[in-house]
Structures are given as C-alpha cells and as structure tokens.
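Data block below; observations after.
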Amino acid sequence: MSTSSVSKGCFVFKPGAKKKKTVSLESYFTHGCEDAENSEVRFKLCQDLWDKIKTDTEILQDELNRKILDSLLDFTRKCSSTRKHSDWASQMRASEIPTAALVLGVNVPDHDMTFQSLSDLLQQSVTPHVASVQAKECGVLKHLMKKVLERLMGTVVAVDDEDEEETEQTDAYIHKSVHCSLGTLCDWYIAKTKKSSSGTPGKKRSSPVRDEQQQQQPPVVIIFKDLEAFNPRVLQDFILICSRYIERLPLMFIFGIATSPSTIQHMLPHSVSSLLCIELFQSLSCTQHLATVIDKLILTPKFPFKLNDKVMQVLISIFLYHDFSVRNFIKGLQLALLEHFHSQPLSVLCCRKQEALLHVTQLGHHNLERIRQLPSFKRYVEQQEAQEQVNLMTDDTHLKEVCQRLIKDLRKYHKNFYPILRCLHALTSSLPRYPLGKQIRELYLICLEKNVWENEDYQSAMKLLRMLAKDELIALLQKCAEILQPVKSKKMKNAFSQLEELLAKFKQLDAVAETASSVDDIITSPVKNLKKTDLFQLQKTLLELNESRRSKKLSPYEILRNEVLDFIDALVKSHLSSPEAQTLHEVCYYSLSATVRRHLNATPRTSIQAALSSPYYYLRNDSLKTEDGTVSNAAPDICIAYKLHLECGRLINLCDWLEAFSTVVSAAEGHDPESEHFGKVDEVKHARFIRAVSEIEFLGFIKSTKQKTDHVARLTWGGC
Amino acid sequence: MTTLLQHPGYEEEKLQRVAELLLCREVQAGTLLSLMGQPQQRCYPSIFIYGHRASGKSHVMNVLLKELELPHAVVSCVECVSAVLLFEQVLLSFFGCDAVSLLPRSPSLSDFVRIYRQQCSPSPAKQTRYIVMEKAELLRDTDANLLPALLRLQELVEDNVTVILLSEIVWDKFRPNTGCFEPLLLHFPDYSKGELQQILSQDRNPSYSAEFYSAYINILLGVFYSVCRDLRELRHLAALNFSKFCEPLSEGKVKETDTHKLWRNIEPHLKKAMQTVYLREVSSLQWEQIQQMDEKETGALRGLSAHTHVELPYYSKFLLIAAYLASYNPARTDKRFFLKHHGKIRKTNFMKKNEKTSNHLLGPKPFPLDRLLAIFYSVVDSRVAPTASIFSQISSLVTLQLLAQVSHDDQLDAPKYKCAVSLDFICAISRTVNFDIVKYLYDFL
Ligand SMILES: Nc1ncnc2c1ncn2[C@@H]1O[C@H](COP(=O)(O)OP(=O)(O)OP(=O)(O)O)[C@@H](O)[C@H]1O
Ligand SMILES: [Mg+2]
C-alpha cells in the first residue's frame, strides 16, 4: 500500500493480511447485487475479463518501458565496463559517479511500476546489487544510509536511535547488526566480489572478457525514486560520502525525476554536482502512454465490455485535468467494469460469443422482461410488424431466438466499427485544424455520442479531404488499406478489395497522365499551404475553391477522388453509427457516469455540507424531511448549530449562537413557547451546544480567534 | 628549486620525498613540521587549518603523516552521521578492533575517553598520535560538547595526541559562545596562477614532452583561471581536453613547438567546455563522445538546464498560475484583478510607487490556501468542483517543488505556501492554456 500518490492527507492502513479469509470476494460482489439470480455467473465473467485486461496492460507497460530501460541498461553496462582504464586521461580525471537522470513525468503514481521493472531487469542482467530508496523514508542522512545498506546487504543495520530500539531487540539476534557507514558496505562488497569470483569456476560464460570483468566488479546501483522530494542537504551529504569511496566501490545512481532535469542543478550546488557524471534519459510522455492504452484496451472488439461516451469522458478528463496517471485510468476502467457487472443483471450477456449465446438460452423470465424494458429494444420492437411485435412481447422462446441474433449483430457491429474508426482517424488526423480531433480518442468520443456524419465537423473534414492533392490522398488511402487488410470480417474484406481497386485506378491515372504529359495544376494541394493561415483565410479559400470547381470541368483525378471519398463516406455511414443506436447496447455499454465520477473524483466538502444541511439525505429518517432546504428542529444538534452559523457573518458571537440554539432545541422538545422556561439555557443544552460547536470546529468550519472575546471565526464563506 | 625541508628527528630521505610531493606548500609544511616537533615530543593539543577548496589541506596532511610514518587517524565529518563512527574510527586506527568492541551501545563522549585511557595506559604513545578531522565545519552541527572536547583531547586522555581540524571556514565562525580551548591557526592561501601552472604541469602525459604539456596548461589556465581556481576541477578539465589539443599533432599538421597554431585550435574548444562540461550541463562521458563527433551533430545535444519544460495536468497548471499570482501580487490588489465589477479603486491608492516593480526583485511572498483557491476559481475558465483531487494536486505540486509549503507540515488549518517557479516557467505554462499572465501581474501594469 502506498501513499505516494498525488495526495497527502490521512491514510488508513489496515493491519496486514491477518483477516480471516472467510468472506470471499464473491460474496462481497453478490451482496447487495442487483438481481442475485445470476450473480455468480456475472462475478465469474467480471473477474475473467479483469484478469485479461490486467495481463494485457502489464504486457503493454513492459513494451512501452522496454526502450528506455534498454538504454538505461546499456548505460550501466557501459559505465561498469569503462570504469578502470589505465590510460593517462582516465587516471587524471576526477572519478565521477555515473548518474542516470530518468525523466518520468509528473504522473508519480505510475512510476512505481517502472522502477520495479527497472530494478528487476538490472538484477537479471547487470548486477545483483540494486537498492531503491524513496524520499519519505530518508528524512535524515542516517536513515538514507541505513536503507541503502539494508537493501544492498540484506541485513539489519544499527543506527543509534532511541526509536529504533524495538526493532533491534527482535532482529539483532537473528542478523549480525552492522554499523551504518559506507565503509561497512565497501568491506562487504569486497568480500562478496572476492567470493563470487573464486567460486563457481565451471559456469558457462557467453562473452568471456566482458562478463569476467563484470562479474568481478558489478556496479552497485542506488535508485532515488523521487528526487524532488528528497531533502537537498541529505542528498548532498550522501553524494559527498559516496564520492570518497568511488575508487573502491563502483557506485552508480539513478535519479527518478518527475519535473525537469534542471531540478538537479537546483538541488545540488556545483561542488556536489561536479562529483557526478550525469546522463539524461527521457521516458514516453504520459499522454502517449494513455493513447496506447486506449488503443489496446478500448478500441478493440476483443473485450466485450465498453464504456459509453459520458463515462469515457469522465475518465479522460480526470486524466487530463487532474492527475495524468495511466494507472488511475485503468483503475477507473476497473471500477466501471465492476459496477457494470454488479448493477446490470443483463451483463451476463457481456462475454464471448458462444458463451453469450448460451447465456441467452438460460435467461429466466424475469430477465427477459428486463430485455423488453430496455429502451433500445423497445425502439427495435416499434420498427417491427404488428404480429412480430406481439410475439416479441409475449413469446419468451421467440424472444430468445431474436436476442441471439441481436447479440450476433452487436458483435459484428463492433468488429467493423473499430477498423473504420481507425481509417477515418487516419484520413482526418492530419487535416488543418483537426476538425475531428488530433487524437483517436477525440474521434472516438464523437462517434460514441452520436452518428458522426451528423456532426458539422465531419462535413468540413470531408470537404477538406475533397481538396487533397494526389500523393497526399494516396498516402492516406494506403494507410487505410493497411488498417483494413488484417481484419477478418467479410464486410471489411470487401471494403479492402474495393479500396485496392480504387488505388489501382489512381495508378492507372498516373500512367495515363505520363503519356499525356499534361500537368494539371489543380492537383497541387491548396490545403497544404493553408495550414498556417487563420480561420478566415481558410474559409475564404474554401469558398473560392468551390467556385472554381463549379465553373471548371472536373479532371479525371478529381472524379476519382470524389468516387473514393463517396466510398469512404458510405463506409462510415454503414459502420460508424453510434452505439446508442444499436439494439441491446445496454448489455455491453456502461453508462452511469455519475457513479464513476462520485467514486473517482470525490468531493468531501460537498458531502459534509450536504449531510449537515439536509441530514435526511443520509439518515433517511422521515421526521427529518423538510421542504425548501430548511432544517427540521428535530435534526441532530450539529446540523442545527451548522444551520445557525450559516446565518452569521465572519465573526460569530458564541453567546448569541447559544441563545438561538437553545430556542430551536426547546421548540423541538415541544415546550410551550409561552412558558417561562422556554428557550432557557440549562446545563444539558449548554453541553449539547458545546459538543456541536467543537464538532463543527473539528470539521473545519470555524476556528477560535483572538480578534474579539467570546467570538469564533468562520472559515467558509457564502451559505445564506 | 625545492628548498629542502629540514627538521631534526625525521629521516633526511623521507623529508626530501615529502618536499617533492608538496610543491608550492613548502612553507606550510615547514610550519607544520616545526609545530609537530620531533615524533616523541608532545605537540600542541589542537591545530586548525583553513583554506579554500582544493588548497591542498588534506593533501599536505596525508603526505606528511604517511611519508613520515606517524600514527594517525583520518576522519571525515560528513561521514560521521553519529559520533559513534568517529569514536570507532579513532580507536580502530590506534588500538585495533579489540578496543572498538569495548564501546557500549550508543557510547557517549566519556565512554570514548574512558576506553581511550584504558587502552593507552599500557602502551603510552611513543610518537605523537594525530587525529585529522576533514570538513570540520560540520562539527558545529553535532553535539555541542564534541568540538570543545576534541580541542583539548590531549588533556582529557592524558596521551600524546593532537587533533588537526581541516576546514574551509575561518575559526571565528567556530568558536562556541561558551568559550573553549583555542587551537593554533594555520592558513593555506589560494594557489596563484603560477603555482597552479607548476602543480598541474607535474602530471604530464608520459608520451609527450614536459614543455609541450606545460604549454597546454598555460593555455588552459588562460581560459579558465578567471572562472575556476579549483585544482581538482582544473586537473579534470585538463585531462578531458588534452586529446583535442594533441589532435593536430597526431594528424601531422603542426609541430609540437608551434604554440600559436595549437592555441588557435584549442581555444574555442575550451571556451565551449567552460559553458558545458565545466557547469556539468554535459557529462564528461558525453563530452568525450562529442569530441569524436563532427561539429554539426554536436548542435543537437542540449545541456541539462535546457530541459525546463514540465507537462502538468490542466488544473495543476491553473493552480500554479494562481499560486504565482498570489505570491507576486499584493493581496490588496486581488479585488482589482479578479472581481468583475470592482468599482472605482482610486488609481493613486492602487499604485503605491515604492511597491511597483519591486515584487519580483523581492521574491515570492507566502500566501494562505484560501487565497490560492479564491484566485484559482477566478482564473480557471470553467466551473470546477472542489474535489479531493484539486487539493491533492496542491500537495503534489509541493512534492514536485513547484510550490513550497511555508508553514509547518503539522499545521493542518490554514497552511501557507510560496510559489517556487520562475517567471519564464510560469509564462510558458500560461501560454499552453491561453492565459495572459502578464496582464494579471501587478509589477507589469
Ligand atoms: N601542492 C600540491 N601538489 C600536488 N597536488 C596537490 C597540491 N595541492 C593539492 N593537490 C591536489 O589537489 C587535489 C585537492 O587537494 P586537497 O584534497 O588536499 O584539497 P583540500 O584543501 O583538502 O580541499 P577540501 O577543502 O575540498 O577538502 C588533491 O587531489 C591533491 O592531490
Ligand atoms: Mg580535504
């Protein structure tokens, strides 16, 4: 469990895995689950799907990291091999500590995984001696040393600290505790390397010379996961110490940097940074990372589970606006997945084709009724003939048959949807001003929302495409062909061959043009020159072009271009219709964006205020129900006190507040307003008031102030 | 050239060797020797040596103690994260491991003194024992009684022992206000240009003549002496650039004696080194690779500080902008900048002349969280719910050191922050979100 995420604050660490495993995951899932009938099946489906997504993302992450990790590995190897040369220059120059500055971007929660695989790789292929440290465990030099030593040597290191007493008493007898100095490490290293070079002589070695060298002197790598968070003094001192030992101990550092490499210079003065030999490594940007994840997990028919446009939008905006974290994006996907299978009984049909068809036959009457209630299904029914409508609404077996067909249709739809989506993206992503977005996720959102061709931007994109020069258009079409080629669906195969034919026609055009040797000057692209101009210019040129087109006779290229684009347009219209239009789309598409938002992007303050101002919302006690936002005087004391404080200015007179409180509370107790005791402050009311006020203070709405006696200051503004 | 060091009690040969190694430090070495006296004689209890970085303090002490084979312990104060390590190292070098094992857990100074006395009573020093403390300025941060005790250790342990403190800082900054035993002070002045030339010329490359190398050093000092007098650094630079200096020679274009041509070849190269490797913008490894590449390719290589671009989530950018505004605008001007209908605020009152243009010179001012959020909500262009992630973004900006928390970590209510980024940085950030920050800065009104 880690708290190194973007948030500081309170974290609850539940005690370790001591809990009894009697409560299985499944019973958590089934508990409170919508329609328990098939909850087991849904749980199973959900889990399988998540496992698949998880392994896929892990593979993906490994691939993405590979490049930068490889170059880092190269660097470590290079450093450890060039370490000792006997030539004059390397003797004379200062021995610096090789340091890799690894720039990872501000998405700190994602870094853990990168560092984990980095240290695994290092241990596999370069050196057994790798230690990672984090700023929060190394507030002072002593602790940094201790952590480094412990992780490298695998023993307990004594630091003379009172608070360490406890751990030591238990561990000191097991391990021989050693002193916390780099000298100790140095001795340990020398002993270790001597031992390993003398032992196991029969071991196979691939490249004897280099391996030999490395086996004798493998570098000691220390990874500083979050450089920015380190106390600069601690880091400076540590580097100073290390540089004293660099002759004997082949140390190497890796700095994990979240912002920019210039932080190194801000943190370390020249006298310290001159002890390092820093090389820079830049990792993939997180937006690219997200793009790949979306490409592999979302834009594929492989996973039956889908997000609708709103949910997708929530996840993407959390990423772009709040945290840049791909890990959190995937967590969000997981949440949506769970929620979908938990809350939608028909999600039993959200699985592979054969399974889904089987599950259709097993649907109970109850669930078939649910299908009949689905808006998309109702729409479908309305389009049928009268007799068929009756059959669908009454005959369960007939409904099952139809459902099987509809499920198959939905699958086919998805199979064709994504290739065409990619084609359209390929065609439009390089147009000036990106009418359909630069990233495929933007286009995808447009397509999810409604039929893309009804969008104005689609029209303007098509217009721009109709002005492309030949080579540009052909290049784009070739990309489309590449996308379509591997798709194993009949329709897409058809589309592919048609596209090939069209491309061949373009080639013929070339041949003809060559013989005729007439260069058509319209073919040179006006679009290209437009890219840098402003919107007004663009519109003007478009108009002019339209004019000239109308007046001129079309060239053979233009005729062909129109033909191709009509073809594309037809493809889009037949395959890229919005999922909302598909019958039974509710089975696969998760749409409760509010739930996702509430879980992922919590608003604690709003919830507290809601609880205080309308307690009924949480307590569900009928006596608390009120109209027009007032608080019933039967509400808990804190709610009453809160409500009263909203009516005050910046400073609140405690005495007045108490009076008002006591009046309201008396009314609740049913005292006669005319009676003598009404509104009198007795001890109990006084105590209740004090408790309510301190609770409000604890929640951070007021605080004590020295500005005026017997007053408290409000910390929130607005309210009444 | 070297006047022989002479002192009774030490072998002539050894002294000669010392003199050879301590070029340009004969005077200091001589003084030290006379302070130390003959090996068996008692020496002054503590000596304080100060001088700038790489002025040869450690070098002189090491050479003297090693070459003259005197019993000594060298301890670096950076390394002594706790006093225990100091005690251990001293006991180890003087009495061996057995003595170390006698130290109790978390030993105090008096434990150390007790064990020292116990160990030296059967074998009192025949020769003065020396304890050399490097980077002694750090002793000021440790236990208050450690430094005074070390200064009069001789008296405490009743042994012939001398503590030598090496520091870059003058003694006046050490003296505890309770007073203490005054050590003898010895200053190591900076090396002059001529002395640097002499010392650096010593380590010539064996495959070239001494004159040739000396000429090289002369050129090197010509370029670097004005910015760097650090012997270590100069030696490093000399090693890195020597191959380039020899290039025309190995290509057969120039003769060894043609200093002018050699100078023309190397000077621009050294100037470039001054802006890159010397500042550690480019690592020495990369610098060596560059030398083998063509001129054209080297253009692509950017130094560390050239990478300042930081990609941030959208709201983090606005939070940072808000923080910058809160840090550099006086709080009373917020109304004018962020209220749509701020009414008439009198110009003369608003513009306090002395305040004008000085905010950026004075640096960022702390501001409370409330003000940050208020400004944030008025600069961000859409409605933003006060979600937990907005708040956590503030603390991640602190972790990334783009904001600095001024109030203490434990203070939960009304924390205060400062913006820690430069004007250039914030302008670049604002540009990416189409926010014209200069319009909102009081200094640029
Ligand atoms: N007179 C000299 N002759 C030869 N080499 C020298 C001389 N003086 C200094 N050096 C060399 O310069 C380098 C730096 O010197 P030294 O370590 O003694 O500096 P210092 O004064 O101890 O610096 P610091 O304050 O940083 O510890 C050493 O490598 C040393 O060998
Ligand atoms: Mg020194």
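Within each chain, counting starts at residue 1; across the structure tokens, chains are named A, B, ... in the order shown, with ligands numbered 1 upward in that order.
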
Restrict the calculation to only C-alpha atoms, then for each residue of chain A with any atom at most 8 Å from an atom of chain B give the closest atom pair and their distance in Å to one decimal, rows by chain and rising residue number, as JSON lines.
{"residue": "A:Val6", "atom": "CA", "partner": "B:Ser396", "partner_atom": "CA", "distance": 5.2}
{"residue": "A:Ser7", "atom": "CA", "partner": "B:Ser392", "partner_atom": "CA", "distance": 4.2}
{"residue": "A:Lys8", "atom": "CA", "partner": "B:Ser395", "partner_atom": "CA", "distance": 6.2}
{"residue": "A:Trp88", "atom": "CA", "partner": "B:Asn205", "partner_atom": "CA", "distance": 6.3}
{"residue": "A:Ala89", "atom": "CA", "partner": "B:Ala239", "partner_atom": "CA", "distance": 5.1}
{"residue": "A:Ser90", "atom": "CA", "partner": "B:Ala239", "partner_atom": "CA", "distance": 7.5}
{"residue": "A:Met92", "atom": "CA", "partner": "B:Ala239", "partner_atom": "CA", "distance": 5.8}
{"residue": "A:Arg93", "atom": "CA", "partner": "B:His236", "partner_atom": "CA", "distance": 4.2}
{"residue": "A:Ala94", "atom": "CA", "partner": "B:His236", "partner_atom": "CA", "distance": 5.5}
{"residue": "A:Gly105", "atom": "CA", "partner": "B:Glu311", "partner_atom": "CA", "distance": 7.0}
{"residue": "A:Val106", "atom": "CA", "partner": "B:Leu312", "partner_atom": "CA", "distance": 6.7}
{"residue": "A:Leu141", "atom": "CA", "partner": "B:Val81", "partner_atom": "CA", "distance": 7.0}
{"residue": "A:Lys142", "atom": "CA", "partner": "B:Val81", "partner_atom": "CA", "distance": 5.9}
{"residue": "A:Asp160", "atom": "CA", "partner": "B:Ser106", "partner_atom": "CA", "distance": 5.8}
{"residue": "A:Ser181", "atom": "CA", "partner": "B:Glu79", "partner_atom": "CA", "distance": 7.2}
{"residue": "A:Glu228", "atom": "CA", "partner": "B:Leu400", "partner_atom": "CA", "distance": 5.5}
{"residue": "A:Ala229", "atom": "CA", "partner": "B:Thr399", "partner_atom": "CA", "distance": 5.4}
{"residue": "A:Asp237", "atom": "CA", "partner": "B:Val78", "partner_atom": "CA", "distance": 6.4}
{"residue": "A:Leu240", "atom": "CA", "partner": "B:Val78", "partner_atom": "CA", "distance": 7.5}
{"residue": "A:Ile241", "atom": "CA", "partner": "B:Glu79", "partner_atom": "CA", "distance": 5.9}
{"residue": "A:Ala258", "atom": "CA", "partner": "B:Leu400", "partner_atom": "CA", "distance": 7.0}
{"residue": "A:Thr259", "atom": "CA", "partner": "B:Val310", "partner_atom": "CA", "distance": 5.5}
{"residue": "A:Ser260", "atom": "CA", "partner": "B:Thr308", "partner_atom": "CA", "distance": 5.3}
{"residue": "A:Pro261", "atom": "CA", "partner": "B:Leu304", "partner_atom": "CA", "distance": 5.8}
{"residue": "A:Ser262", "atom": "CA", "partner": "B:Ser305", "partner_atom": "CA", "distance": 4.7}
{"residue": "A:Gln265", "atom": "CA", "partner": "B:Ser305", "partner_atom": "CA", "distance": 7.7}
{"residue": "A:His270", "atom": "CA", "partner": "B:Leu279", "partner_atom": "CA", "distance": 7.2}
{"residue": "A:Ser273", "atom": "CA", "partner": "B:Arg280", "partner_atom": "CA", "distance": 7.0}
{"residue": "A:Ser274", "atom": "CA", "partner": "B:Arg280", "partner_atom": "CA", "distance": 6.4}
{"residue": "A:Leu276", "atom": "CA", "partner": "B:Ser283", "partner_atom": "CA", "distance": 8.0}
{"residue": "A:Cys277", "atom": "CA", "partner": "B:Ser283", "partner_atom": "CA", "distance": 5.0}
{"residue": "A:Ile278", "atom": "CA", "partner": "B:Ser283", "partner_atom": "CA", "distance": 5.3}
{"residue": "A:Glu279", "atom": "CA", "partner": "B:Ser283", "partner_atom": "CA", "distance": 6.3}
{"residue": "A:Leu280", "atom": "CA", "partner": "B:Leu304", "partner_atom": "CA", "distance": 7.8}
{"residue": "A:Phe319", "atom": "CA", "partner": "B:Pro313", "partner_atom": "CA", "distance": 7.6}
{"residue": "A:Leu320", "atom": "CA", "partner": "B:Pro313", "partner_atom": "CA", "distance": 5.5}
{"residue": "A:Tyr321", "atom": "CA", "partner": "B:Tyr314", "partner_atom": "CA", "distance": 4.4}
{"residue": "A:His322", "atom": "CA", "partner": "B:Pro313", "partner_atom": "CA", "distance": 5.4}
{"residue": "A:Asp323", "atom": "CA", "partner": "B:Pro313", "partner_atom": "CA", "distance": 5.9}
{"residue": "A:Phe324", "atom": "CA", "partner": "B:Pro313", "partner_atom": "CA", "distance": 6.0}
{"residue": "A:Asn601", "atom": "CA", "partner": "B:Thr387", "partner_atom": "CA", "distance": 6.1}
{"residue": "A:Ala602", "atom": "CA", "partner": "B:Thr387", "partner_atom": "CA", "distance": 5.5}
{"residue": "A:Thr603", "atom": "CA", "partner": "B:Thr387", "partner_atom": "CA", "distance": 4.2}
{"residue": "A:Pro604", "atom": "CA", "partner": "B:Ala388", "partner_atom": "CA", "distance": 6.6}
{"residue": "A:Arg605", "atom": "CA", "partner": "B:Pro386", "partner_atom": "CA", "distance": 7.4}
{"residue": "A:Thr606", "atom": "CA", "partner": "B:Pro386", "partner_atom": "CA", "distance": 7.9}
{"residue": "A:Gly700", "atom": "CA", "partner": "B:Asp413", "partner_atom": "CA", "distance": 7.7}

Point to revise | Exercise: Ile446 in chain A partners within 9 Å, only C-alpha atoms, chain neighbours under 3 positions left out, as a list of chain:residue names | key: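 Surrounding residues, per the criterion: A:Asp309, A:Leu436, A:Arg441, A:Glu442, A:Leu443, A:Glu449, A:Lys450, A:Asn451, A:Val452, A:Asn455, A:Ser578.
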
Exercise for review: Counting only C-alpha atoms and all ligand atoms, name the residues that have an atom within 7 Å of an atom of ligand 1; the answer should be given as a PyMOL selection string.
Suggested key: chain B and resi 21-25+51-60+134-135+167-168+199+231-232

DSSP says strand (DSSP E) for which residues of range 251-456 of chain A? Put them as an mmCIF file with N, CA, C and O atoms, in the first residue's frame?
data_model
loop_
_atom_site.group_PDB
_atom_site.id
_atom_site.type_symbol
_atom_site.label_atom_id
_atom_site.label_comp_id
_atom_site.auth_asym_id
_atom_site.auth_seq_id
_atom_site.Cartn_x
_atom_site.Cartn_y
_atom_site.Cartn_z
ATOM 1 N N LEU A 251 30.023 2.584 -7.490
ATOM 2 C CA LEU A 251 28.655 3.036 -7.269
ATOM 3 C C LEU A 251 28.050 3.614 -8.530
ATOM 4 O O LEU A 251 28.764 4.057 -9.425
ATOM 5 N N MET A 252 26.736 3.623 -8.576
ATOM 6 C CA MET A 252 26.031 4.239 -9.671
ATOM 7 C C MET A 252 24.675 4.711 -9.184
ATOM 8 O O MET A 252 24.048 4.016 -8.402
ATOM 9 N N PHE A 253 24.240 5.888 -9.641
ATOM 10 C CA PHE A 253 22.946 6.409 -9.193
ATOM 11 C C PHE A 253 21.947 6.445 -10.338
ATOM 12 O O PHE A 253 22.322 6.645 -11.491
ATOM 13 N N ILE A 254 20.692 6.273 -9.982
ATOM 14 C CA ILE A 254 19.622 6.575 -10.937
ATOM 15 C C ILE A 254 18.669 7.540 -10.242
ATOM 16 O O ILE A 254 18.142 7.229 -9.176
ATOM 17 N N PHE A 255 18.491 8.701 -10.811
ATOM 18 C CA PHE A 255 17.577 9.693 -10.244
ATOM 19 C C PHE A 255 16.247 9.638 -10.971
ATOM 20 O O PHE A 255 16.208 9.814 -12.180
ATOM 21 N N GLY A 256 15.178 9.379 -10.247
ATOM 22 C CA GLY A 256 13.854 9.459 -10.866
ATOM 23 C C GLY A 256 13.348 10.885 -10.764
ATOM 24 O O GLY A 256 13.175 11.403 -9.677
ATOM 25 N N ILE A 257 13.133 11.512 -11.895
ATOM 26 C CA ILE A 257 12.767 12.922 -11.890
ATOM 27 C C ILE A 257 11.363 13.085 -12.459
ATOM 28 O O ILE A 257 11.059 12.558 -13.519
ATOM 29 N N LEU A 276 29.371 14.141 -10.077
ATOM 30 C CA LEU A 276 28.532 13.206 -10.812
ATOM 31 C C LEU A 276 28.775 13.309 -12.308
ATOM 32 O O LEU A 276 29.148 14.357 -12.814
ATOM 33 N N CYS A 277 28.542 12.216 -12.965
ATOM 34 C CA CYS A 277 28.617 12.215 -14.428
ATOM 35 C C CYS A 277 27.209 11.891 -14.908
ATOM 36 O O CYS A 277 26.795 10.744 -14.955
ATOM 37 N N ILE A 278 26.452 12.962 -15.200
ATOM 38 C CA ILE A 278 25.010 12.805 -15.377
ATOM 39 C C ILE A 278 24.628 12.617 -16.837
ATOM 40 O O ILE A 278 25.031 13.394 -17.693
ATOM 41 N N GLU A 279 23.867 11.598 -17.092
ATOM 42 C CA GLU A 279 23.340 11.411 -18.440
ATOM 43 C C GLU A 279 21.814 11.376 -18.367
ATOM 44 O O GLU A 279 21.244 10.881 -17.408
ATOM 45 N N LEU A 280 21.181 11.895 -19.414
ATOM 46 C CA LEU A 280 19.740 12.105 -19.381
ATOM 47 C C LEU A 280 18.990 11.006 -20.116
ATOM 48 O O LEU A 280 19.402 10.578 -21.185
ATOM 49 N N PHE A 281 17.867 10.561 -19.536
ATOM 50 C CA PHE A 281 17.008 9.592 -20.203
ATOM 51 C C PHE A 281 15.573 10.080 -20.098
ATOM 52 O O PHE A 281 15.091 10.363 -19.010
ATOM 53 N N GLN A 282 14.914 10.185 -21.234
ATOM 54 C CA GLN A 282 13.561 10.719 -21.220
ATOM 55 C C GLN A 282 12.578 9.603 -21.510
ATOM 56 O O GLN A 282 12.745 8.872 -22.477
ATOM 57 N N LYS A 306 -17.734 -2.301 -22.701
ATOM 58 C CA LYS A 306 -17.482 -0.972 -23.290
ATOM 59 C C LYS A 306 -17.947 0.139 -22.355
ATOM 60 O O LYS A 306 -18.802 -0.092 -21.501
ATOM 61 N N LEU A 307 -17.384 1.320 -22.568
ATOM 62 C CA LEU A 307 -17.837 2.493 -21.818
ATOM 63 C C LEU A 307 -18.630 3.386 -22.760
ATOM 64 O O LEU A 307 -18.271 3.505 -23.926
#

Practice item. Extract, using only C-alpha atoms, all DNA, RNA and protein residues at most 12 Å from His340 in chain A, discarding same-chain residues fewer than 5 positions from it, and format them as a PyMOL selection string. Key: chain A and resi 29+33-34+39+42-43+45-46+305-308+311+333-335+345-350+586-593+595-596

Check your understanding: What are the DSSP helix (DSSP H, G or I) residues of range 57-216 of chain B, as a PyMOL selection string?
Key -> chain B and resi 57-67+83-95+97-102+109-120+136-141+146-151+153-157+171-173+193-202+210-216

Extract, using only C-alpha atoms, all DNA, RNA and protein residues at most 10 Å from range 359-362 of chain B, discarding same-chain residues fewer than 4 positions from it, and format them as a CSV table (one decimal) with C-alpha atoms, in the first residue's frame.
chain,number,residue,atom,x,y,z
B,327,SER,CA,3.0,35.2,-4.5
B,328,TYR,CA,3.8,38.2,-6.5
B,329,ASN,CA,0.8,40.4,-6.3
B,330,PRO,CA,0.0,42.3,-3.1
B,354,ASN,CA,7.6,52.1,-3.9
B,355,GLU,CA,5.8,48.8,-4.2
B,422,SER,CA,10.4,31.5,-12.3
B,423,LEU,CA,8.6,34.0,-14.4
B,441,LEU,CA,0.8,40.8,-12.6
B,442,TYR,CA,1.0,44.0,-10.6
B,443,ASP,CA,4.6,44.5,-11.5
B,444,PHE,CA,3.9,44.7,-15.1

Practice item. Determine the nearest neighbour of ligand 2 from the options B:Ser378, B:Gln38, B:Asn62, B:Thr333, counting only C-alpha atoms and all ligand atoms. Key: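 Closest residue, counting only C-alpha atoms and all ligand atoms: B:Asn62.
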
Exercise for review: Could you give me, as a PyMOL selection string, the residues within 7 Å of Phe181 in chain B, counting only C-alpha atoms and dropping anything in the same chain fewer than 2 positions from it?
Suggested key: chain B and resi 148+151-152+183

Point to revise | Interatomic distance (Å, one decimal) between CA of Asp682 in chain A and CA of Ile652 in chain A | key: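 Distance reported for this atom pair: 21.1 Å.
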